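Report on the following structure.
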Amino acid sequence: MDERAFFKLSCGLYMVSSQYNGKAAGCVINTFQQVTNDPIQVSITINKNNYTQQIIDHSRYFHVVVLDESADMDLIGTFGFKSSKDINKFDNFATAKDQFEIPYVNQNVAAGFTCKVKHQIDVGTHIIYIAEVVEADVLGDTPVMTYAYYHQVKKGTTPKNASSFQKNASTSGYRCTICGYIYEGDPLPEDFICPVCQAPAVVFEKV
Ligand SMILES: Cc1cc2nc3c(=O)[nH]c(=O)nc-3n(C[C@H](O)[C@H](O)[C@H](O)COP(=O)(O)O)c2cc1C
């Protein structure tokens, strides 16, 4: 199977967040889409190992924002490669709260949606949540970040919890064992810091 075929699928980059009993969680996803128009329903696909999945499972509400092209790797690295179990991801970014007290990032975003879970499907590693949109807002005019732009311009990578993770992607150099970023060169400088997840050179492995 040529896994590069999956990079031909066009999708955007989003951030989903939720809160339950005062604990907030959020992560980057590329699996947000509209599924029906009447009522307006959307779906997200979340890995069971992501803390955000556990919080959504309890709260039954989530908020999705659409990232725009100005989103930097600090924002994506925090929400896409670290866990809300360990840190408060919202601390260092501009945020707001929706009507259900769910915090969401409101910098570098084009639109936001408040969603109430109606159905869920267990698909093994992930849960697909289908939710009704309660509120929708346009938050900016900057062009939205596509998954292709993230890979080609931002040189971003995808961690193993993402639905679109490719374990056999071929390349050479040194791979960050935390986020999958590839340093193309040899040797890897001892003081190298991963530009995606800020991990030190010692966690890199030769590929
Ligand atoms: C580009 C990109 C796309 C991602 N897409 C998804 C996705 O669709 N579903 C998912 O569960 N995780 C996805 N992830 C992985 C989560 O963002 C990541 O595992 C995050 O650290 C989970 O944080 P949490 O434990 O706070 O929930 C993606 C990450 C990146 C960088």
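Every chain in the structure tokens takes a letter, A first, then B, and so on in the order presented; its residues are numbered from 1, and the ligands are numbered from 1 following the presented order.
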
Considering only C-alpha atoms, tabulate each residue of region 75-129 of chain A that lies at most 12 Å from region 183-206 of chain A along with its nearest interatomic pair and the corresponding distance in Å to one decimal; arrange the rows by chain and ascending residue number and present them as JSON lines.
```
{"residue": "A:Leu75", "atom": "CA", "partner": "A:Val196", "partner_atom": "CA", "distance": 9.6}
{"residue": "A:Ile76", "atom": "CA", "partner": "A:Val196", "partner_atom": "CA", "distance": 7.9}
{"residue": "A:Gly77", "atom": "CA", "partner": "A:Cys197", "partner_atom": "CA", "distance": 5.1}
{"residue": "A:Thr78", "atom": "CA", "partner": "A:Cys197", "partner_atom": "CA", "distance": 7.3}
{"residue": "A:Phe79", "atom": "CA", "partner": "A:Cys197", "partner_atom": "CA", "distance": 9.9}
{"residue": "A:Gly80", "atom": "CA", "partner": "A:Cys197", "partner_atom": "CA", "distance": 8.7}
{"residue": "A:Phe81", "atom": "CA", "partner": "A:Cys197", "partner_atom": "CA", "distance": 6.3}
{"residue": "A:Lys82", "atom": "CA", "partner": "A:Cys197", "partner_atom": "CA", "distance": 7.9}
{"residue": "A:Ser83", "atom": "CA", "partner": "A:Cys197", "partner_atom": "CA", "distance": 11.7}
```

Please tabulate, as CSV, the residues of region 82-141 of chain A that come within 10 Å of region 37-52 of chain A, each with its closest pair of atoms and the distance in Å to one decimal, counting only C-alpha atoms and ordering rows by chain, then residue number upward.
```
residue,atom,partner,partner_atom,distance
A:Lys82,CA,A:Asn50,CA,9.6
A:Ser83,CA,A:Tyr51,CA,6.6
A:Ser84,CA,A:Tyr51,CA,6.2
A:Lys85,CA,A:Tyr51,CA,6.0
A:Asp86,CA,A:Tyr51,CA,9.5
A:Phe113,CA,A:Val42,CA,9.6
A:Cys115,CA,A:Val42,CA,8.0
A:Lys116,CA,A:Gln41,CA,9.1
A:Val117,CA,A:Ser43,CA,9.1
A:Lys118,CA,A:Gln41,CA,8.8
A:His119,CA,A:Ser43,CA,9.3
A:Gln120,CA,A:Ser43,CA,9.1
A:Ile121,CA,A:Thr45,CA,9.3
A:Asp122,CA,A:Lys48,CA,9.4
A:Val123,CA,A:Thr45,CA,9.1
A:Gly124,CA,A:Lys48,CA,8.6
A:Thr125,CA,A:Asn47,CA,5.8
A:His126,CA,A:Asn47,CA,4.1
A:Ile127,CA,A:Ile46,CA,5.4
A:Ile128,CA,A:Thr45,CA,4.3
A:Tyr129,CA,A:Ile44,CA,5.4
A:Ile130,CA,A:Ser43,CA,4.4
A:Ala131,CA,A:Gln41,CA,5.3
A:Glu132,CA,A:Gln41,CA,4.4
A:Val133,CA,A:Ile40,CA,5.8
A:Val134,CA,A:Ile40,CA,8.6
```

How would the residues just picked look written out with N, CA, C and O atoms as a tab-separated table (two decimals), in the first residue's frame?
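Saved to part_39.tsv:
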```
chain	number	residue	atom	x	y	z
A	82	LYS	N	1.63	17.33	23.37
A	82	LYS	CA	1.70	17.22	24.83
A	82	LYS	C	0.31	16.83	25.34
A	82	LYS	O	-0.68	16.99	24.62
A	83	SER	N	0.25	16.35	26.59
A	83	SER	CA	-1.05	15.92	27.10
A	83	SER	C	-1.60	16.86	28.17
A	83	SER	O	-0.87	17.29	29.07
A	84	SER	N	-2.89	17.11	28.08
A	84	SER	CA	-3.60	17.94	29.07
A	84	SER	C	-3.59	17.27	30.44
A	84	SER	O	-3.90	17.91	31.44
A	85	LYS	N	-3.25	16.00	30.47
A	85	LYS	CA	-3.13	15.29	31.74
A	85	LYS	C	-1.97	15.88	32.55
A	85	LYS	O	-2.01	15.95	33.77
A	86	ASP	N	-0.91	16.34	31.83
A	86	ASP	CA	0.32	16.79	32.49
A	86	ASP	C	0.39	18.32	32.65
A	86	ASP	O	1.02	18.80	33.59
A	113	PHE	N	-16.93	26.45	16.96
A	113	PHE	CA	-18.20	25.73	17.02
A	113	PHE	C	-18.38	25.12	18.41
A	113	PHE	O	-17.47	24.45	18.92
A	115	CYS	N	-20.41	22.30	20.45
A	115	CYS	CA	-21.07	21.07	19.99
A	115	CYS	C	-21.53	20.20	21.15
A	115	CYS	O	-20.82	20.06	22.15
A	116	LYS	N	-22.70	19.58	20.97
A	116	LYS	CA	-23.26	18.68	21.99
A	116	LYS	C	-23.31	17.27	21.42
A	116	LYS	O	-23.91	17.03	20.37
A	117	VAL	N	-22.65	16.34	22.12
A	117	VAL	CA	-22.55	14.97	21.61
A	117	VAL	C	-23.92	14.30	21.55
A	117	VAL	O	-24.69	14.35	22.50
A	118	LYS	N	-24.21	13.68	20.39
A	118	LYS	CA	-25.48	12.97	20.20
A	118	LYS	C	-25.27	11.47	20.01
A	118	LYS	O	-26.12	10.67	20.38
A	119	HIS	N	-24.19	11.10	19.36
A	119	HIS	CA	-23.91	9.69	19.09
A	119	HIS	C	-22.41	9.45	19.21
A	119	HIS	O	-21.63	10.38	19.04
A	120	GLN	N	-22.02	8.21	19.46
A	120	GLN	CA	-20.60	7.88	19.39
A	120	GLN	C	-20.42	6.47	18.88
A	120	GLN	O	-21.26	5.59	19.09
A	121	ILE	N	-19.31	6.26	18.17
A	121	ILE	CA	-19.01	4.94	17.59
A	121	ILE	C	-17.60	4.56	18.01
A	121	ILE	O	-16.65	5.34	17.80
A	122	ASP	N	-17.47	3.38	18.59
A	122	ASP	CA	-16.15	2.88	18.97
A	122	ASP	C	-15.54	2.20	17.76
A	122	ASP	O	-16.07	1.21	17.25
A	123	VAL	N	-14.42	2.77	17.25
A	123	VAL	CA	-13.79	2.19	16.05
A	123	VAL	C	-12.41	1.61	16.40
A	123	VAL	O	-11.48	1.66	15.61
A	124	GLY	N	-12.29	1.07	17.60
A	124	GLY	CA	-11.02	0.44	18.01
A	124	GLY	C	-10.13	1.39	18.76
A	124	GLY	O	-10.34	1.68	19.93
A	125	THR	N	-9.12	1.92	18.07
A	125	THR	CA	-8.20	2.86	18.73
A	125	THR	C	-8.86	4.20	19.03
A	125	THR	O	-8.44	4.91	19.93
A	126	HIS	N	-9.89	4.56	18.25
A	126	HIS	CA	-10.51	5.88	18.34
A	126	HIS	C	-12.01	5.79	18.62
A	126	HIS	O	-12.64	4.76	18.38
A	127	ILE	N	-12.58	6.91	19.10
A	127	ILE	CA	-14.03	7.07	19.19
A	127	ILE	C	-14.43	8.16	18.21
A	127	ILE	O	-13.80	9.22	18.16
A	128	ILE	N	-15.46	7.87	17.41
A	128	ILE	CA	-16.03	8.92	16.56
A	128	ILE	C	-17.22	9.51	17.31
A	128	ILE	O	-18.14	8.79	17.70
A	129	TYR	N	-17.15	10.82	17.58
A	129	TYR	CA	-18.26	11.52	18.21
A	129	TYR	C	-19.03	12.28	17.14
A	129	TYR	O	-18.43	13.02	16.36
A	130	ILE	N	-20.34	12.10	17.13
A	130	ILE	CA	-21.21	12.88	16.23
A	130	ILE	C	-22.01	13.82	17.13
A	130	ILE	O	-22.61	13.39	18.12
A	131	ALA	N	-21.94	15.10	16.82
A	131	ALA	CA	-22.50	16.09	17.73
A	131	ALA	C	-23.30	17.14	16.99
A	131	ALA	O	-23.05	17.43	15.80
A	132	GLU	N	-24.31	17.69	17.67
A	132	GLU	CA	-25.10	18.77	17.10
A	132	GLU	C	-24.41	20.11	17.40
A	132	GLU	O	-23.92	20.31	18.52
A	133	VAL	N	-24.37	20.98	16.41
A	133	VAL	CA	-23.75	22.30	16.62
A	133	VAL	C	-24.76	23.22	17.31
A	133	VAL	O	-25.87	23.43	16.82
A	134	VAL	N	-24.36	23.73	18.47
A	134	VAL	CA	-25.22	24.60	19.27
A	134	VAL	C	-24.97	26.06	18.91
A	134	VAL	O	-25.87	26.89	18.95
```

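Across A:Met15, A:Val64, A:Val35, A:Ala25, the tightest approach to Asp98 (chain A) is made by A:Val64 when counting only C-alpha atoms.
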
- Item | Sel. of helix (DSSP H, G or I) residues, region 14-188 of chain A, as a list of chain:residue names |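 Filtering region 14-188 of chain A down to helix (DSSP H, G or I) leaves A:Tyr51, A:Thr52, A:Gln53, A:Gln54, A:Ile55, A:Ile56, A:Asp57, A:His58, A:Ser59, A:Met73, A:Asp74, A:Leu75, A:Ile76, A:Gly77, A:Thr78, A:Phe79, A:Gly80, A:Phe81, A:Tyr147, A:Ala148, A:Tyr149, A:Tyr150, A:His151, A:Gln152.
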
- Task: Kindly indicate which residue among A:Asn106, A:Thr36, A:Ser70, A:Thr31 lies nearest to ligand 1, using only C-alpha atoms and all ligand atoms for the distances.
- Result: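 Looking at the shortest contact to ligand 1, the residue is A:Thr31.
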
- Message: So that I can see what lies close to region 3-12 of chain A, please list as a ChimeraX atom specification the residues with an atom at most 6 Å from it, counting only C-alpha atoms and leaving out residues fewer than 2 positions away in the same chain.
- Response: /A:1,30,145-147

For the residues selected in the previous step, produce a file with all heavy atoms as a compact mmCIF listing (two decimals), in the first residue's frame.
```
# COMPACT_ATOMS: atom_id res chain seq x y z
N MET A 1 0.85 -1.20 0.00
CA MET A 1 0.00 0.00 0.00
C MET A 1 0.88 1.25 0.00
O MET A 1 1.83 1.34 0.78
CB MET A 1 -0.88 -0.01 1.25
CG MET A 1 -1.92 1.08 1.24
SD MET A 1 -2.85 1.22 2.78
CE MET A 1 -3.63 -0.39 2.87
N ASN A 30 -7.29 16.58 12.96
CA ASN A 30 -7.55 16.87 11.55
C ASN A 30 -8.79 16.12 11.08
O ASN A 30 -9.03 15.96 9.90
CB ASN A 30 -6.32 16.52 10.68
CG ASN A 30 -6.04 15.04 10.66
OD1 ASN A 30 -6.01 14.41 11.72
ND2 ASN A 30 -5.84 14.46 9.50
N MET A 145 -5.70 26.93 7.80
CA MET A 145 -4.57 25.99 7.66
C MET A 145 -5.11 24.65 7.13
O MET A 145 -5.97 24.04 7.75
CB MET A 145 -3.95 25.75 9.04
CG MET A 145 -2.90 24.67 9.07
SD MET A 145 -1.23 25.30 9.12
CE MET A 145 -1.13 26.02 10.73
N THR A 146 -4.60 24.21 5.98
CA THR A 146 -4.96 22.88 5.51
C THR A 146 -3.89 21.89 6.00
O THR A 146 -2.78 22.30 6.38
CB THR A 146 -5.02 22.82 3.97
OG1 THR A 146 -3.69 23.12 3.48
CG2 THR A 146 -6.04 23.80 3.41
N TYR A 147 -4.24 20.64 5.97
CA TYR A 147 -3.30 19.61 6.40
C TYR A 147 -2.08 19.62 5.47
O TYR A 147 -0.95 19.44 5.91
CB TYR A 147 -4.02 18.26 6.36
CG TYR A 147 -3.36 17.17 7.16
CD1 TYR A 147 -2.88 17.41 8.44
CD2 TYR A 147 -3.25 15.89 6.64
CE1 TYR A 147 -2.29 16.40 9.18
CE2 TYR A 147 -2.67 14.87 7.37
CZ TYR A 147 -2.19 15.13 8.63
OH TYR A 147 -1.61 14.13 9.35
```

- Using only C-alpha atoms and all ligand atoms, pick whichever of A:Asp2, A:Arg60, A:Arg175, A:Asn88 has the shortest atom-to-atom distance to ligand 1.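 Answer, going by the shortest atom-to-atom distance: A:Asn88.
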
- Task: May I ask for the distance between CA of Thr142 (chain A) and CA of Glu69 (chain A), given in Å to one decimal place?
- Result: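 So the two atoms, CA of Thr142 (chain A) and CA of Glu69 (chain A), lie 6.9 Å apart.
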
- Message: Which residue is closest to Gln54 (chain A)? Choose from A:Ser163, A:Gly26, A:Leu13, A:Gln33 and count only C-alpha atoms.
- Response: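 Checking each of A:Ser163, A:Gly26, A:Leu13, A:Gln33 against Gln54 (chain A), counting only C-alpha atoms, the winner is A:Gly26.
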